[in-house]
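One file, query-v4.csv, carrying CSV, C-alpha atoms:
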```csv
chain,number,residue,atom,x,y,z
A,1,MET,CA,2.5,13.5,-16.0
A,2,ARG,CA,1.0,16.9,-15.6
A,3,ARG,CA,1.4,18.9,-12.4
A,4,CYS,CA,-1.7,19.2,-10.2
A,5,ASN,CA,-3.0,22.7,-9.8
A,6,GLY,CA,-4.0,23.7,-6.3
A,7,THR,CA,-5.2,21.3,-3.7
A,8,ARG,CA,-7.6,18.5,-4.3
A,9,ARG,CA,-8.5,17.7,-0.7
A,10,GLY,CA,-12.2,17.2,-0.2
A,11,VAL,CA,-12.9,16.6,-3.9
A,12,ALA,CA,-13.8,12.9,-3.9
A,13,HIS,CA,-14.2,12.6,-7.7
A,14,MET,CA,-10.8,14.1,-8.4
A,15,PRO,CA,-8.3,12.1,-6.3
A,16,LYS,CA,-4.6,13.0,-6.4
A,17,LEU,CA,-1.9,10.4,-6.5
A,18,VAL,CA,1.7,11.0,-5.3
A,19,ILE,CA,4.3,8.4,-6.1
A,20,GLN,CA,7.2,8.5,-3.7
A,21,ILE,CA,10.7,7.1,-4.4
A,22,PRO,CA,13.2,6.8,-1.6
A,23,CYS,CA,16.7,7.0,-3.1
A,24,PHE,CA,20.3,6.6,-2.0
A,25,ASN,CA,22.9,7.0,-4.8
A,26,GLU,CA,20.4,6.0,-7.6
A,27,ALA,CA,21.6,8.4,-10.3
A,28,GLU,CA,22.1,5.4,-12.7
A,29,THR,CA,18.8,3.6,-12.2
A,30,LEU,CA,16.5,6.5,-11.4
A,31,PRO,CA,15.9,7.7,-15.1
A,32,VAL,CA,14.7,4.2,-15.9
A,33,VAL,CA,12.3,4.1,-12.9
A,34,LEU,CA,10.9,7.6,-13.6
A,35,ALA,CA,10.4,6.8,-17.3
A,36,ASP,CA,8.5,3.6,-16.4
A,37,LEU,CA,6.0,5.4,-14.2
A,38,PRO,CA,2.4,5.7,-15.7
A,39,LYS,CA,1.4,9.0,-17.2
A,40,ALA,CA,-2.2,8.3,-16.2
A,41,VAL,CA,-4.1,6.0,-13.9
A,42,PRO,CA,-7.8,5.2,-14.2
A,43,GLY,CA,-9.8,7.1,-11.5
A,44,ILE,CA,-6.9,9.5,-10.8
A,45,ASP,CA,-7.1,13.1,-11.7
A,46,CYS,CA,-3.4,13.9,-11.6
A,47,ILE,CA,-0.1,12.3,-10.6
A,48,GLU,CA,2.9,13.8,-8.9
A,49,VAL,CA,6.3,12.2,-8.3
A,50,VAL,CA,8.3,12.9,-5.1
A,51,VAL,CA,11.9,11.7,-4.8
A,52,ILE,CA,13.5,11.5,-1.4
A,53,ASP,CA,17.3,11.8,-1.7
A,54,ASP,CA,18.6,10.1,1.4
A,55,GLY,CA,22.0,11.9,1.6
A,56,SER,CA,23.2,10.6,-1.8
A,57,SER,CA,26.8,11.3,-2.8
A,58,ASP,CA,26.1,11.1,-6.5
A,59,ASP,CA,23.8,13.3,-8.7
A,60,THR,CA,20.5,11.6,-7.6
A,61,ALA,CA,18.8,14.9,-6.8
A,62,SER,CA,19.8,16.7,-10.1
A,63,VAL,CA,18.9,13.6,-12.1
A,64,ALA,CA,15.5,13.4,-10.5
A,65,ARG,CA,14.7,17.0,-11.4
A,66,ALA,CA,16.0,16.6,-14.9
A,67,CYS,CA,13.8,13.5,-15.4
A,68,GLY,CA,10.6,15.3,-14.4
A,69,ALA,CA,10.2,14.7,-10.6
A,70,HIS,CA,7.8,17.3,-9.3
A,71,HIS,CA,9.5,17.6,-5.9
A,72,VAL,CA,12.9,16.4,-4.5
A,73,GLU,CA,13.4,16.3,-0.8
A,74,SER,CA,17.1,16.0,0.1
A,75,PHE,CA,18.6,14.9,3.4
A,76,PRO,CA,22.0,16.4,4.3
A,77,ARG,CA,23.3,12.9,5.3
A,78,HIS,CA,22.2,9.3,4.9
A,79,LEU,CA,19.5,8.5,7.4
A,80,GLY,CA,18.3,5.1,6.2
A,81,LEU,CA,15.4,3.7,4.2
A,82,ALA,CA,12.8,4.0,7.0
A,83,ARG,CA,13.4,7.7,7.5
A,84,ALA,CA,13.3,8.3,3.8
A,85,PHE,CA,10.0,6.4,3.5
A,86,MET,CA,8.4,8.4,6.3
A,87,ALA,CA,9.6,11.7,4.8
A,88,GLY,CA,8.0,10.7,1.5
A,89,LEU,CA,4.7,10.1,3.3
A,90,GLU,CA,4.9,13.5,5.0
A,91,VAL,CA,5.7,15.3,1.7
A,92,GLY,CA,2.9,13.5,-0.1
A,93,LEU,CA,0.4,14.5,2.6
A,94,GLN,CA,1.7,18.1,2.4
A,95,ARG,CA,1.1,18.1,-1.3
A,96,GLY,CA,-2.5,17.0,-0.9
A,97,ALA,CA,-2.2,13.4,-1.9
A,98,ASP,CA,-5.4,11.3,-1.6
A,99,ILE,CA,-3.3,8.1,-2.4
A,100,ILE,CA,0.5,7.6,-1.9
A,101,VAL,CA,2.3,4.9,-3.8
A,102,ASN,CA,5.8,3.8,-2.6
A,103,THR,CA,8.1,2.2,-5.1
A,104,ASP,CA,11.9,1.4,-5.1
A,105,ALA,CA,14.6,3.2,-7.1
A,106,ASP,CA,16.3,0.0,-8.2
A,107,HIS,CA,13.5,-0.7,-10.8
A,108,GLN,CA,12.5,-3.9,-9.2
A,109,TYR,CA,8.8,-3.0,-9.5
A,110,ARG,CA,6.9,-2.3,-12.7
A,111,GLY,CA,5.3,1.1,-13.1
A,112,GLU,CA,2.4,-0.5,-15.1
A,113,ASP,CA,1.3,-2.3,-11.9
A,114,ILE,CA,0.6,0.9,-10.0
A,115,PRO,CA,-3.1,1.0,-11.2
A,116,LEU,CA,-3.4,-2.5,-9.6
A,117,LEU,CA,-2.3,-1.0,-6.3
A,118,VAL,CA,-4.5,2.0,-6.5
A,119,ALA,CA,-7.7,0.3,-7.6
A,120,PRO,CA,-8.7,-1.2,-4.1
A,121,ILE,CA,-8.3,2.1,-2.4
A,122,LEU,CA,-10.3,4.0,-5.1
A,123,ALA,CA,-13.0,1.3,-4.7
A,124,GLY,CA,-13.1,1.9,-0.9
A,125,GLN,CA,-12.0,-1.7,-0.2
A,126,ALA,CA,-8.6,-1.0,1.4
A,127,ASP,CA,-6.5,1.5,3.2
A,128,LEU,CA,-3.2,-0.2,2.5
A,129,VAL,CA,-2.4,-2.4,-0.5
A,130,ILE,CA,0.7,-4.5,-0.8
A,131,GLY,CA,2.1,-5.7,-4.1
A,132,SER,CA,2.8,-9.5,-3.8
A,133,ARG,CA,5.8,-10.5,-5.9
A,134,PRO,CA,6.2,-14.0,-7.6
A,135,ILE,CA,8.8,-15.1,-5.0
A,136,GLU,CA,9.1,-18.6,-6.3
A,137,SER,CA,10.1,-17.4,-9.8
A,138,MET,CA,12.5,-14.7,-8.6
A,139,ASN,CA,16.3,-15.1,-8.3
A,140,PHE,CA,16.3,-15.8,-4.6
A,141,SER,CA,18.2,-18.5,-2.8
A,142,PRO,CA,16.2,-21.2,-1.0
A,143,VAL,CA,17.2,-19.7,2.3
A,144,LYS,CA,16.0,-16.3,1.3
A,145,ARG,CA,12.7,-17.7,0.0
A,146,TYR,CA,12.2,-19.5,3.3
A,147,LEU,CA,12.9,-16.3,5.3
A,148,GLN,CA,10.5,-14.4,3.0
A,149,ARG,CA,7.8,-16.9,3.8
A,150,LEU,CA,8.6,-17.0,7.5
A,151,GLY,CA,8.7,-13.2,7.7
A,152,SER,CA,5.3,-13.0,6.0
A,153,MET,CA,3.9,-15.7,8.3
A,154,VAL,CA,5.0,-13.9,11.4
A,155,THR,CA,3.6,-10.6,10.1
A,156,ARG,CA,0.2,-12.2,9.4
A,157,PHE,CA,0.1,-13.7,12.9
A,158,VAL,CA,1.0,-10.5,14.7
A,159,SER,CA,-1.0,-8.1,12.4
A,160,ASN,CA,-4.0,-10.4,11.9
A,161,THR,CA,-3.9,-9.7,8.2
A,162,SER,CA,-3.6,-12.0,5.1
A,163,VAL,CA,-0.5,-10.3,3.6
A,164,GLU,CA,1.4,-12.7,1.3
A,165,ASP,CA,4.6,-10.8,0.7
A,166,ALA,CA,5.2,-8.7,3.8
A,167,PRO,CA,8.8,-7.5,2.8
A,168,SER,CA,7.5,-6.0,-0.5
A,169,GLY,CA,8.1,-2.3,-0.7
A,170,PHE,CA,5.7,-1.7,-3.5
A,171,ARG,CA,2.5,-0.5,-1.8
A,172,ALA,CA,-0.2,2.1,-1.8
A,173,PHE,CA,-1.6,4.0,1.1
A,174,SER,CA,-4.8,6.0,1.5
A,175,ARG,CA,-4.5,9.5,2.9
A,176,GLU,CA,-6.0,8.3,6.2
A,177,ALA,CA,-3.5,5.4,6.5
A,178,ALA,CA,-0.6,7.7,5.8
A,179,LEU,CA,-1.7,10.1,8.5
A,180,ARG,CA,-1.9,7.3,11.1
A,181,LEU,CA,1.2,5.2,10.5
A,182,HIS,CA,4.5,5.6,12.3
A,183,VAL,CA,7.8,3.8,11.9
A,184,PHE,CA,10.2,3.3,14.8
A,185,ASN,CA,12.6,0.9,13.1
A,186,LYS,CA,15.5,2.9,11.5
A,187,HIS,CA,16.3,0.4,8.8
A,188,THR,CA,13.1,-0.9,7.3
A,189,TYR,CA,9.4,0.0,7.3
A,190,THR,CA,7.8,-3.0,5.6
A,191,LEU,CA,6.8,-5.3,8.4
A,192,GLU,CA,6.0,-2.5,10.9
A,193,THR,CA,3.6,-0.6,8.8
A,194,ILE,CA,1.6,-3.8,8.1
A,195,ILE,CA,1.4,-4.7,11.8
A,196,GLN,CA,0.3,-1.1,12.7
A,197,ALA,CA,-2.3,-1.1,10.0
A,198,GLY,CA,-3.7,-4.5,11.2
A,199,GLN,CA,-3.8,-3.4,14.8
A,200,MET,CA,-5.5,-0.2,14.0
A,201,GLY,CA,-8.2,-2.0,12.1
A,202,MET,CA,-7.3,-0.8,8.7
A,203,ALA,CA,-8.3,-2.8,5.6
A,204,VAL,CA,-5.1,-4.4,4.2
A,205,ALA,CA,-5.2,-5.9,0.7
A,206,THR,CA,-2.8,-7.8,-1.4
A,207,VAL,CA,-2.6,-7.8,-5.2
A,208,PRO,CA,-0.3,-9.9,-7.4
A,209,ILE,CA,2.4,-7.9,-9.3
A,210,GLY,CA,5.3,-8.7,-11.6
A,211,THR,CA,8.9,-7.6,-11.3
A,212,ASN,CA,11.6,-6.3,-13.6
A,213,PRO,CA,15.0,-7.8,-14.3
A,214,VAL,CA,17.6,-7.0,-11.7
A,215,LEU,CA,19.6,-3.9,-12.6
A,216,ARG,CA,21.9,-4.0,-9.5
A,217,PRO,CA,22.4,-6.1,-6.3
A,218,SER,CA,20.3,-5.2,-3.3
A,219,ARG,CA,21.9,-2.8,-0.9
A,220,LEU,CA,19.7,-3.8,2.0
A,221,VAL,CA,21.0,-7.4,1.7
A,222,LYS,CA,24.8,-7.4,1.8
A,223,GLY,CA,25.1,-11.2,2.3
A,224,LEU,CA,23.1,-14.2,3.4
A,225,SER,CA,24.3,-14.1,7.0
A,226,SER,CA,23.5,-10.4,7.4
A,227,TYR,CA,20.1,-10.9,5.8
A,228,VAL,CA,19.3,-13.8,8.2
A,229,ALA,CA,20.4,-11.7,11.2
A,230,GLN,CA,18.4,-8.7,10.0
A,231,GLN,CA,15.2,-10.7,9.5
A,232,VAL,CA,15.5,-12.5,12.9
A,233,LEU,CA,16.1,-9.2,14.7
A,234,VAL,CA,13.2,-7.6,12.9
A,235,MET,CA,10.8,-10.5,13.8
A,236,LEU,CA,12.0,-10.5,17.4
A,237,ARG,CA,11.5,-6.7,17.6
A,238,VAL,CA,8.0,-7.1,16.1
A,239,PHE,CA,7.0,-9.5,18.8
A,240,VAL,CA,8.6,-7.5,21.6
A,241,VAL,CA,7.0,-4.2,20.5
A,242,TYR,CA,3.6,-5.3,19.3
A,243,LYS,CA,2.9,-8.5,21.3
A,244,PRO,CA,5.0,-7.9,24.5
A,245,PHE,CA,2.9,-9.9,26.9
A,246,ARG,CA,2.7,-12.9,24.7
A,247,PHE,CA,6.4,-12.8,24.0
A,248,PHE,CA,7.5,-12.4,27.6
A,249,ALA,CA,4.8,-14.7,29.0
A,250,PHE,CA,5.9,-17.5,26.6
A,251,TRP,CA,9.5,-17.4,27.7
A,252,GLY,CA,8.6,-16.8,31.3
A,253,GLY,CA,6.2,-19.7,31.3
A,254,LEU,CA,8.8,-21.9,29.7
A,255,LEU,CA,11.4,-21.1,32.3
A,256,PHE,CA,9.0,-21.4,35.2
A,257,THR,CA,7.8,-24.8,34.0
A,258,LEU,CA,11.3,-26.0,33.6
A,259,GLY,CA,12.2,-24.8,37.1
A,260,PHE,CA,9.1,-26.3,38.5
A,261,LEU,CA,9.9,-29.7,37.0
A,262,ILE,CA,13.5,-29.5,38.4
A,263,GLY,CA,11.9,-28.6,41.8
A,264,LEU,CA,9.8,-31.7,41.6
A,265,ARG,CA,12.9,-33.8,41.0
A,266,PHE,CA,14.5,-32.3,44.1
A,267,LEU,CA,11.3,-32.9,46.1
A,268,TYR,CA,11.2,-36.6,44.9
A,269,HIS,CA,14.8,-37.2,46.0
A,270,PHE,CA,14.2,-35.3,49.3
A,271,VAL,CA,11.2,-37.6,50.1
A,272,THR,CA,12.8,-40.9,49.0
A,273,SER,CA,16.4,-40.3,50.1
A,274,GLY,CA,16.3,-37.8,52.9
A,275,ALA,CA,17.6,-34.2,53.0
A,276,GLY,CA,21.1,-34.8,51.7
A,277,GLY,CA,22.2,-34.0,48.2
A,278,HIS,CA,20.6,-32.4,45.1
A,279,VAL,CA,20.8,-28.9,46.5
A,280,GLN,CA,22.0,-27.7,43.1
A,281,SER,CA,18.7,-28.8,41.7
A,282,LEU,CA,16.9,-26.7,44.3
A,283,ILE,CA,19.0,-23.6,43.5
A,284,LEU,CA,18.5,-24.0,39.8
A,285,ALA,CA,14.8,-24.5,40.2
A,286,ALA,CA,14.5,-21.4,42.3
A,287,LEU,CA,16.5,-19.3,39.7
A,288,LEU,CA,14.5,-20.6,36.8
A,289,MET,CA,11.1,-20.1,38.5
A,290,GLY,CA,12.1,-16.6,39.7
A,291,THR,CA,13.3,-15.6,36.3
A,292,GLY,CA,10.0,-16.9,34.8
A,293,VAL,CA,8.0,-14.8,37.2
A,294,SER,CA,10.1,-11.8,36.5
A,295,LEU,CA,9.6,-12.2,32.7
A,296,GLY,CA,5.9,-12.4,33.3
A,297,VAL,CA,6.0,-9.1,35.2
A,298,VAL,CA,8.1,-7.5,32.5
A,299,GLY,CA,5.5,-8.7,30.0
A,300,LEU,CA,2.7,-7.0,32.0
A,301,LEU,CA,4.6,-3.7,32.2
A,302,ALA,CA,5.5,-3.9,28.5
A,303,ASP,CA,1.9,-4.5,27.6
A,304,LEU,CA,0.9,-1.3,29.6
A,305,LEU,CA,3.5,0.6,27.7
A,306,ALA,CA,2.1,-0.7,24.4
A,307,VAL,CA,-1.3,0.6,25.5
A,308,ASN,CA,0.1,4.0,26.2
A,309,ARG,CA,1.9,4.0,22.8
A,310,SER,CA,-1.4,3.2,21.1
A,311,LEU,CA,-3.1,6.1,23.0
A,312,LEU,CA,-0.3,8.5,22.0
A,313,GLU,CA,-0.6,7.4,18.3
A,314,GLY,CA,-4.3,8.3,18.5
A,315,VAL,CA,-3.5,11.7,20.0
A,316,ASP,CA,-0.9,12.3,17.2
A,317,TRP,CA,-3.4,11.3,14.5
A,318,ARG,CA,-6.0,13.8,15.9
A,319,LEU,CA,-3.4,16.6,16.0
A,320,ARG,CA,-2.4,15.9,12.4
A,321,LYS,CA,-6.0,15.9,11.3
A,322,LEU,CA,-6.6,19.2,13.2
A,323,GLU,CA,-3.5,20.7,11.5
A,324,GLU,CA,-4.8,19.6,8.2
A,325,ARG,CA,-8.1,21.2,8.7
A,326,LEU,CA,-6.6,24.5,9.9
A,327,ALA,CA,-4.3,24.5,6.8
A,328,ARG,CA,-7.2,24.0,4.5
A,329,LEU,CA,-9.2,26.7,6.2
A,330,GLY,CA,-6.2,29.1,5.9
A,331,HIS,CA,-5.8,28.2,2.3
A,332,GLY,CA,-9.5,28.9,1.6
A,333,GLN,CA,-9.4,32.3,3.4
A,334,SER,CA,-6.3,33.4,1.5
A,335,GLY,CA,-8.0,32.3,-1.8
A,336,GLN,CA,-11.0,34.5,-1.0
A,337,ARG,CA,-8.8,37.5,-0.6
```
As structure tokens, what does this structure read like?
Amino acid sequence: MRRCNGTRRGVAHMPKLVIQIPCFNEAETLPVVLADLPKAVPGIDCIEVVVIDDGSSDDTASVARACGAHHVESFPRHLGLARAFMAGLEVGLQRGADIIVNTDADHQYRGEDIPLLVAPILAGQADLVIGSRPIESMNFSPVKRYLQRLGSMVTRFVSNTSVEDAPSGFRAFSREAALRLHVFNKHTYTLETIIQAGQMGMAVATVPIGTNPVLRPSRLVKGLSSYVAQQVLVMLRVFVVYKPFRFFAFWGGLLFTLGFLIGLRFLYHFVTSGAGGHVQSLILAALLMGTGVSLGVVGLLADLLAVNRSLLEGVDWRLRKLEERLARLGHGQSGQR
């Protein structure tokens, strides 16, 4: 891979690809990953590799430099995969990337499949491309396969996309998509970026990819129970953050209906048997109906907050575009001197 000379922004026929690799103590597997990356990609003028060292305690940073990484960004302490991912996008944008590809440092994904990810963006057909793994043939337990499918189904529902493998970290972003995306989750970025892309109206595509043999166990999945808990929490958070009214209205409506039915039971006994007894049913009905109404109000307020968040994301995107234009203008003026 040859280093790109200067900035390529604004030159449509010479797109620049930046491959980012978030790393945490990956000194053993990183040489294999870097050696597997393509030296050239059809339609791409030049390729740069960025390694994000997420506070590693081993020689990840020095190994990355020795193996040819063009830039290494090191955190002073471990901040988590999501923060490393976002830092990689930021560095890629700063280095003038037209397309950014994210891959893992455990060598799960094949470097030869990167052209498959890049092709839909080069053709103007997608802003975000997800590599879909052959889940059925991978060494996953039946429970993990089910959760993978469930997570993808929930993501498709919330994002209004057709993503087949939502947890896949092998993905490509256009420059515009990288400028607009934000990640609030501290642990993972996979589901959230797809949902944001879908809600922002970006074109999201899926391409089938292969996988390499496992070199080491996953560090994100420390056990089946922790994986189940993590997936459930992520899916709940997805609903609360991106579909707040629907989430709270569902549970509020459920509790209100249950309370209403219990109230009808009390009313029936009151009419047929007189005023004595079944006061507990009346109290429970009032509590359930009151809680249901409260959840509906919370849903309305959360929906308003979601609208404000969307507006703030739009303001942030405009500011970043303005900063980008000013930086290009300053670069052009300095070059004329």
Under the rule that only C-alpha atoms are counted, which of A:Val50, A:Leu264, A:Val238, A:Leu288 is the nearest residue to Gly252 in chain A? A:Leu288
If we count only C-alpha atoms and set the cut-off at 7 Å, which residues sit around range 193-203 of chain A, ignoring sequence neighbours fewer than 6 positions away in its own chain? Please answer as a PyMOL selection string. chain A and resi 125-128+155+158-161+181+183
Sort by chain and increasing residue number a table of all residues of range 172-226 of chain A within 9 Å of range 18-33 of chain A, each with its closest pair of atoms and their distance in Å to one decimal, counting only C-alpha atoms, and write it as JSON lines.
```
{"residue": "A:Ala172", "atom": "CA", "partner": "A:Ile19", "partner_atom": "CA", "distance": 8.9}
{"residue": "A:Leu215", "atom": "CA", "partner": "A:Thr29", "partner_atom": "CA", "distance": 7.6}
{"residue": "A:Arg216", "atom": "CA", "partner": "A:Thr29", "partner_atom": "CA", "distance": 8.6}
```
Please determine the residues with any atom at most 8 Å from (2.8, -5.4, -2.9) (coordinates as given in the file, with only C-alpha atoms counting) and report them as a PyMOL selection string. chain A and resi 117+129-133+165-166+168-171+206-209
So that I can see what lies close to Val241 in chain A, please list as a ChimeraX atom specification the residues with an atom at most 10 Å from it, counting all atoms listed in the file and leaving out residues fewer than 3 positions away in the same chain. /A:184,192,235-238,244-245,247,302-303,305-306,309
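Going from CA of Ala229 in chain A over to CA of Phe256 in chain A, you cover 28.3 Å.
Proximity of A:Thr60, A:Thr103, A:Ser310, A:Gln230 to His182 in chain A, computed with all atoms listed in the file, is greatest for A:Ser310.
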If I take CA of Leu295 in chain A and CA of Leu258 in chain A, how far is one from the other in Å, to one decimal? 13.9 Å
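The gap separating CA of Gly124 in chain A from CA of Gly111 in chain A is 22.1 Å, in Å to one decimal.
The shortest atom-to-atom distance to Arg83 in chain A, with only C-alpha atoms taken into account, belongs to A:Asp54 out of A:Asp54, A:Leu304, A:Phe266, A:Leu116.
Nearest to Pro15 in chain A of all the residues A:Arg175, A:Arg325, A:Lys39, A:Arg246 is A:Arg175, based on all atoms listed in the file.
Nearest residue to Ile114 in chain A among A:Thr291, A:Thr257, A:Asn102, A:Thr272 is A:Asn102, counting only C-alpha atoms.
Using only C-alpha atoms, the smallest distance between any of A:His269, A:His70, A:His278, A:Arg65 and Gly92 in chain A comes from A:His70.
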